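Trainee: Got a structure here, written out as structure tokens. Questions coming.
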Number of protein chains: 2
Amino acid sequence: MQLLSVLTLDTMNPAVKKVEYAVRGPIVQRAVELERELSEGIKKPFTEVIKANIGDAHAMGQQPITFFRQVLALCSYPELLNDSTFPEDAKSRARRILQSCGGNSMGSYSASQGIDAVRQDVARYIERRDGGGPCDPDDVYLTTGASDGIVTMLKLLVCGKGATRTGVMISIPQYPLYSAALAELDAVQINYYLNEEKCWSLDISELQRALDEARRHCNPRALCIINPGNPTGQVQSRQCIEDVIRFAAQERLFLMADEVYQDNVYADGCRFHSFKKVLFEMGPEYSDTVELAFFPLHLQIGSLYFLCGFRGGYMEIINMDEEVRAQLSKLVSVRLCPPVPGQALMDLVVNPPQPGEPSHEKFIKERTATISALAEKAKLTEQVLNTVQGISCNPVQGAMYSFPRITIPEKAVKEATDKGQQPDMFYCMKMLEETGICLVPGSGFGQRDGTYHFRMTILPPKDKLTTLLNKVKEFHQKFLQQYS
Amino acid sequence: MQLLSVLTLDTMNPAVKKVEYAVRGPIVQRAVELERELSEGIKKPFTEVIKANIGDAHAMGQQPITFFRQVLALCSYPELLNDSTFPEDAKSRARRILQSCGGNSMGSYSASQGIDAVRQDVARYIERRDGGGPCDPDDVYLTTGASDGIVTMLKLLVCGKGATRTGVMISIPQYPLYSAALAELDAVQINYYLNEEKCWSLDISELQRALDEARRHCNPRALCIINPGNPTGQVQSRQCIEDVIRFAAQERLFLMADEVYQDNVYADGCRFHSFKKVLFEMGPEYSDTVELAFFPLHLQIGSLYFLCGFRGGYMEIINMDEEVRAQLSKLVSVRLCPPVPGQALMDLVVNPPQPGEPSHEKFIKERTATISALAEKAKLTEQVLNTVQGISCNPVQGAMYSFPRITIPEKAVKEATDKGQQPDMFYCMKMLEETGICLVPGSGFGQRDGTYHFRMTILPPKDKLTTLLNKVKEFHQKFLQQYS
Ligand SMILES: Cc1ncc(COP(=O)(O)O)c(C=O)c1O
Ligand SMILES: Cc1ncc(COP(=O)(O)O)c(C=O)c1O
């Protein structure tokens, strides 16, 4: 007789059960299966699965920055410091990193908050970026990807039961790490909707509406902003950031600014403004009181910066209560330390080759090539999608995604509902089965009721992106016909 | 007027406040301060801080394995594949890893469960280790250090409120990640005491006592075992493992076997037996029913294997309910993936150079040298400490720590209590201030009431370890005199 398991769906952590994470959900699993089937020679209506659900360097065909690769190789195997084919600036960077790791290896644990020298470099970078506003390296925490920092901050904030449960404001659409973390922490997710009609901009009146409503049933304590936006690709104006800061100050909310795509801004007339810079420009009334955590990761261009796979990242904490900060430091120490190679890499990202150094020219060339390619692909995506009847797409001002709105006919909505599926999941699954293209349904990020979207990355190389966009177009037309 | 902060000690997550983590606690912070003071030329009764609180490669002065460094360098900078000074086996390993990362870089996200090829290699390794019992790569999850796997499993297990709250049995002394994670998850920590008189062995009767008592106020659902032990250094006998498995089966507990030190066994007559191997040898009555999660990390010899800083690790899951496993897969996907360089390294650890390959001889030489040095240092530590009146020390059979019992005179206990300090924290702080030696007080790991211990690593190079042991001896004698 087989005993019932100790751990079953009924007896497991109910908070974990509530977690959802569409970016790697059923659609991605099916894509992997399809790839396997193709490789086994099973016939499909396509010859290749194109994954436009997350950044994938392989599909992108882009080369990571040579300088970064060289320094990482030197740090991995310091014997190479004697190899004359490596440029001197790569060597001196590697020596500094190794030294700050305590000698000759990235293999031992570092300080839990991160290597001192790296935190100093991050602080200097932030000062340069923000035109001189001070940044104390003690306010910088290196993390295991931005995800780690975000979850850690949310963890600190959550408390209360019933009507005093902590509420956290997140945008809809959102990056689903936020909803997943809030579900796991049993906190209340407070949705504020971005304005699709105005290029996914953020309206303070909508923040106010969401907050007022939430106050009736929970204790709203934090406001999360993603800028540039994922999945929506908008870049916030300076004015909007100021308004958000004023709102947070007035409503006494802890502000969390997710700026992982800060280096990814393409659209003409758009510029990245860091929350920190704006905060300091607003003067001490704000800069001395508003509590802020930033997650500026530079997730630039998928793996151009390597950071994704290396799980590098950092956060900066401003105006945090000293006792809470001590608790934060304790909390991060339990996990020992962020991956040291990721820390080393972070150092290179914030401190790339400088003019006059041997690797500077090549670095600039490689970086510029990738950024211009992305800017071009951002435009191409918007243009092609907007030619399709039943698809409408805001400009991709930044980040690396497009989040077009799609028309799904009544008949298709009904068929999906009968199957117990979200209509846009039904749509994306069908697209995957018929074309091999893997997108993420909008419902995974949240959207206004009755609207449907999908998210696609703009990362594939241009020719593949063109194919992809044309296939989407064709599929959508057929889909409309079939269900009209 | 300065507003009160949004986030204060009173309004933060109370579960986080309860977390303790002594291994990187106040004593380590003070050690870092002292190092800074020394470097600024401030006079101290010592010239160097010796950190014997955690594994520190720098202090160890040991060289990591050349083969690992070479493969990591090749993966970081694939141009080096054309460099004829690298051995062929390192190159072929690097090619395989890069290919399984999807092309030419470790910089993009991998599958959330870990790279397929690495999970396959881990599975094959486990099969070899356990004499052929099957291991399905789908049961293997790569993690961000063992910590990540342990916390993830605990997270799945925790549920209930009040008298039905999940209880988890952990040894005392324990590695404080367990108590910290349970505090954070608001689960009940159920202590079972290891038998110091019998070389920190585990008695089933003590497990039974702890369980029976706990059943009155919570719902005990899991049993955690650390073998070889941290901080206690014991290695479990095969018989004991069998008894534990029988106990878990009978009492219906989810078993978590933390085997991160599986490669670190020194004492004559001691051998490492994996829980999995013993389970399968006990036949289907057990091997088909007992739910097990293993965390076999090979934290061997500090950073010899690099894994600490690279945050590599894996776990194997056995007999887990299929629906729960789907939940586990979802949960790990939220964090995207473990660091790819750590995954690459894990692959090398489970699949080192084989006889006949060009790097084999050097690898064996380097590994043997480090292991024998450690075995020698384990003996030395035990011997010297046992010559000190008021210190008694069990043999260090495995892992990399000694956890001697120390006499603290009444007068010192009183002085500590008056200061609001644990007596062994008082003792270790005093030792640090007077000698520069940084140890972790036993209270950070748990110990029987009225007994006192400290944990020291056996990692420092032999001459430094000798100095350290002599200083401890001298300090203890002075301490006894002062307070008798
Ligand atoms: C807005 C946003 N925040 C955070 C993250 C997490 O990044 P990381 O890989 O550094 O954990 C992502 C990744 O896609 C993101 O898009
Ligand atoms: C018994 C035990 N388990 C788990 C860990 C955590 O290891 P990792 O660095 O892989 O997270 C340690 C580290 O010291 C340990 O001693």
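Every chain in the structure tokens has a letter given in the order shown (A, B, ...), and although residue numbers restart at 1 in each chain, ligands are simply numbered from 1 in the order shown.
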Mind listing the residues within 6 Å of ligand 2, only C-alpha atoms and all ligand atoms counted, as a list in words?
Mentor: Gly145, Ala146, Ser147, Tyr175, Ile226, Asn230, Asp258, Val260, Cys308, Arg311 and Gly313 of chain B
Trainee: Can I get the selection written as an mmCIF file, in the first residue's frame, with all heavy atoms?
Mentor:
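selection_13.cif, written as the output of this step:
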data_model
loop_
_atom_site.group_PDB
_atom_site.id
_atom_site.type_symbol
_atom_site.label_atom_id
_atom_site.label_comp_id
_atom_site.auth_asym_id
_atom_site.auth_seq_id
_atom_site.Cartn_x
_atom_site.Cartn_y
_atom_site.Cartn_z
ATOM 1 N N GLY B 145 23.752 28.277 -4.546
ATOM 2 C CA GLY B 145 24.279 27.767 -3.279
ATOM 3 C C GLY B 145 23.283 26.795 -2.677
ATOM 4 O O GLY B 145 22.115 26.741 -3.076
ATOM 5 N N ALA B 146 23.760 26.010 -1.721
ATOM 6 C CA ALA B 146 22.858 25.077 -1.054
ATOM 7 C C ALA B 146 21.787 25.846 -0.282
ATOM 8 O O ALA B 146 20.637 25.401 -0.176
ATOM 9 C CB ALA B 146 23.646 24.174 -0.111
ATOM 10 N N SER B 147 22.125 27.007 0.225
ATOM 11 C CA SER B 147 21.181 27.812 1.007
ATOM 12 C C SER B 147 19.869 27.974 0.258
ATOM 13 O O SER B 147 18.782 27.828 0.827
ATOM 14 C CB SER B 147 21.754 29.206 1.266
ATOM 15 O OG SER B 147 23.039 29.141 1.816
ATOM 16 N N TYR B 175 23.461 24.402 11.805
ATOM 17 C CA TYR B 175 23.933 25.490 10.953
ATOM 18 C C TYR B 175 22.808 26.533 10.916
ATOM 19 O O TYR B 175 21.684 26.216 10.530
ATOM 20 C CB TYR B 175 24.248 24.953 9.558
ATOM 21 C CG TYR B 175 24.611 26.027 8.576
ATOM 22 C CD1 TYR B 175 25.727 26.825 8.794
ATOM 23 C CD2 TYR B 175 23.828 26.263 7.450
ATOM 24 C CE1 TYR B 175 26.055 27.826 7.907
ATOM 25 C CE2 TYR B 175 24.163 27.270 6.559
ATOM 26 C CZ TYR B 175 25.273 28.047 6.787
ATOM 27 O OH TYR B 175 25.587 29.050 5.914
ATOM 28 N N ILE B 226 22.145 17.208 9.057
ATOM 29 C CA ILE B 226 23.371 17.686 8.417
ATOM 30 C C ILE B 226 24.449 16.630 8.607
ATOM 31 O O ILE B 226 24.813 16.315 9.742
ATOM 32 C CB ILE B 226 23.861 19.015 9.031
ATOM 33 C CG1 ILE B 226 22.739 20.055 9.036
ATOM 34 C CG2 ILE B 226 25.072 19.540 8.272
ATOM 35 C CD1 ILE B 226 23.124 21.358 9.740
ATOM 36 N N ASN B 230 27.846 20.333 10.591
ATOM 37 C CA ASN B 230 28.322 21.702 10.823
ATOM 38 C C ASN B 230 27.443 22.229 11.932
ATOM 39 O O ASN B 230 26.216 22.237 11.770
ATOM 40 C CB ASN B 230 28.152 22.545 9.559
ATOM 41 C CG ASN B 230 28.484 24.013 9.794
ATOM 42 O OD1 ASN B 230 28.968 24.383 10.846
ATOM 43 N ND2 ASN B 230 28.205 24.836 8.802
ATOM 44 N N ASP B 258 21.240 17.340 4.369
ATOM 45 C CA ASP B 258 22.212 18.363 3.967
ATOM 46 C C ASP B 258 23.583 17.706 3.961
ATOM 47 O O ASP B 258 24.170 17.446 5.001
ATOM 48 C CB ASP B 258 22.118 19.514 4.975
ATOM 49 C CG ASP B 258 23.076 20.652 4.672
ATOM 50 O OD1 ASP B 258 24.096 20.422 3.994
ATOM 51 O OD2 ASP B 258 22.812 21.767 5.145
ATOM 52 N N VAL B 260 26.382 18.789 2.262
ATOM 53 C CA VAL B 260 27.303 19.671 1.539
ATOM 54 C C VAL B 260 28.767 19.320 1.790
ATOM 55 O O VAL B 260 29.630 19.631 0.982
ATOM 56 C CB VAL B 260 27.070 21.183 1.824
ATOM 57 C CG1 VAL B 260 25.656 21.606 1.494
ATOM 58 C CG2 VAL B 260 27.442 21.573 3.220
ATOM 59 N N CYS B 308 31.673 28.282 -3.155
ATOM 60 C CA CYS B 308 31.138 29.254 -2.206
ATOM 61 C C CYS B 308 30.844 30.571 -2.909
ATOM 62 O O CYS B 308 29.708 31.024 -2.957
ATOM 63 C CB CYS B 308 32.126 29.469 -1.073
ATOM 64 S SG CYS B 308 32.506 27.962 -0.167
ATOM 65 N N ARG B 311 28.454 30.568 -5.761
ATOM 66 C CA ARG B 311 27.077 30.224 -5.386
ATOM 67 C C ARG B 311 26.543 29.102 -6.270
ATOM 68 O O ARG B 311 25.454 29.184 -6.831
ATOM 69 C CB ARG B 311 26.135 31.448 -5.434
ATOM 70 C CG ARG B 311 26.639 32.697 -4.755
ATOM 71 C CD ARG B 311 27.036 32.559 -3.290
ATOM 72 N NE ARG B 311 25.979 32.235 -2.379
ATOM 73 C CZ ARG B 311 26.021 31.181 -1.549
ATOM 74 N NH1 ARG B 311 27.061 30.354 -1.552
ATOM 75 N NH2 ARG B 311 25.070 30.970 -0.717
ATOM 76 N N GLY B 313 25.398 25.010 -6.590
ATOM 77 C CA GLY B 313 24.791 24.016 -5.722
ATOM 78 C C GLY B 313 23.708 23.259 -6.462
ATOM 79 O O GLY B 313 23.326 23.631 -7.565
#
Trainee: Determine which residues of chain A sit within 6 Å of chain B, taking into account only C-alpha atoms, and present them as a JSON list (two decimals) with C-alpha atoms, in the first residue's frame.
Mentor:
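Output saved as selection-v5.json:
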[["chain", "number", "residue", "atom", "x", "y", "z"],
["A", 8, "THR", "CA", 0.83, 17.30, -1.17],
["A", 9, "LEU", "CA", -0.92, 20.12, -2.93],
["A", 12, "MET", "CA", 1.84, 22.65, 1.05],
["A", 13, "ASN", "CA", 2.36, 26.36, 1.64],
["A", 57, "ALA", "CA", 21.55, 35.68, -26.32],
["A", 58, "HIS", "CA", 21.78, 32.69, -28.58],
["A", 69, "ARG", "CA", 34.95, 38.65, -21.18],
["A", 70, "GLN", "CA", 38.65, 39.31, -20.92],
["A", 72, "LEU", "CA", 36.35, 37.68, -16.27],
["A", 73, "ALA", "CA", 38.76, 35.22, -17.85],
["A", 76, "SER", "CA", 38.94, 33.10, -13.30],
["A", 77, "TYR", "CA", 42.50, 32.05, -14.13],
["A", 102, "GLY", "CA", 40.89, 38.79, -0.83],
["A", 103, "GLY", "CA", 43.68, 37.59, -3.04],
["A", 106, "MET", "CA", 36.52, 34.59, -6.93],
["A", 107, "GLY", "CA", 35.78, 31.30, -5.20],
["A", 108, "SER", "CA", 35.40, 32.34, -1.59],
["A", 109, "TYR", "CA", 32.44, 34.06, 0.01],
["A", 156, "LEU", "CA", 11.25, 43.86, 5.08],
["A", 157, "LEU", "CA", 8.10, 45.85, 4.41],
["A", 158, "VAL", "CA", 5.46, 43.22, 4.88],
["A", 159, "CYS", "CA", 3.56, 42.93, 8.14],
["A", 303, "SER", "CA", 23.15, 39.52, -22.13],
["A", 306, "PHE", "CA", 26.25, 39.30, -19.13],
["A", 308, "CYS", "CA", 21.39, 38.04, -16.51],
["A", 309, "GLY", "CA", 23.18, 34.72, -16.34],
["A", 310, "PHE", "CA", 25.79, 35.96, -13.87],
["A", 311, "ARG", "CA", 22.97, 37.11, -11.59],
["A", 321, "ASP", "CA", 15.73, 54.02, 9.24],
["A", 324, "VAL", "CA", 15.81, 48.73, 9.78],
["A", 339, "PRO", "CA", 27.74, 35.40, -6.62],
["A", 340, "VAL", "CA", 31.25, 36.83, -6.79]]
Trainee: Can you tell me which residues surround Ile27 (chain B) at a distance of at most 10 Å, considering only C-alpha atoms, apart from same-chain residues fewer than 2 positions away, and format the answer as a list in words?
Mentor: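 What passes the distance filter is Ala22, Val23, Arg24, Gly25, Gln29, Arg30, Ala31, Val32, Glu33, Asn53, Met425, Phe426, Cys428, Met429, Leu432, Cys438, Leu439, Val440 and Pro441 of chain B.
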Trainee: Would you pick out the contacts of Ser372 (chain B) at 12 Å or less, using only C-alpha atoms, so that residues sharing its chain but fewer than 4 positions from it are not included, and give the list as a ChimeraX atom specification?
Mentor: /B:264-267,301,364-368,376-379,462
Trainee: Check region 208-412 of chain A with DSSP on the backbone and list each residue it calls strand (DSSP E or B), as a VMD selection string.
Mentor: chain A and resid 219 to 226 254 to 258 265 292 to 295 314 to 318 391 to 392 398 401 to 402 405 to 406
Trainee: Residues at most 12 Å from Glu35 (chain B), counting only C-alpha atoms, excluding those fewer than 3 positions away in the same chain, as a PyMOL selection string?
Mentor: chain B and resi 28-32+38-44+46-51+432-433+436-438
Trainee: Would you list the contacts of region 398-413 of chain A as an MDAnalysis selection string, taking every protein, DNA or RNA residue within 7 Å and counting only C-alpha atoms, but skipping same-chain residues closer than 5 positions in sequence?
Mentor: chainID A and resid 228:235 261 264:267 390:393 423 452:459 480 483:484
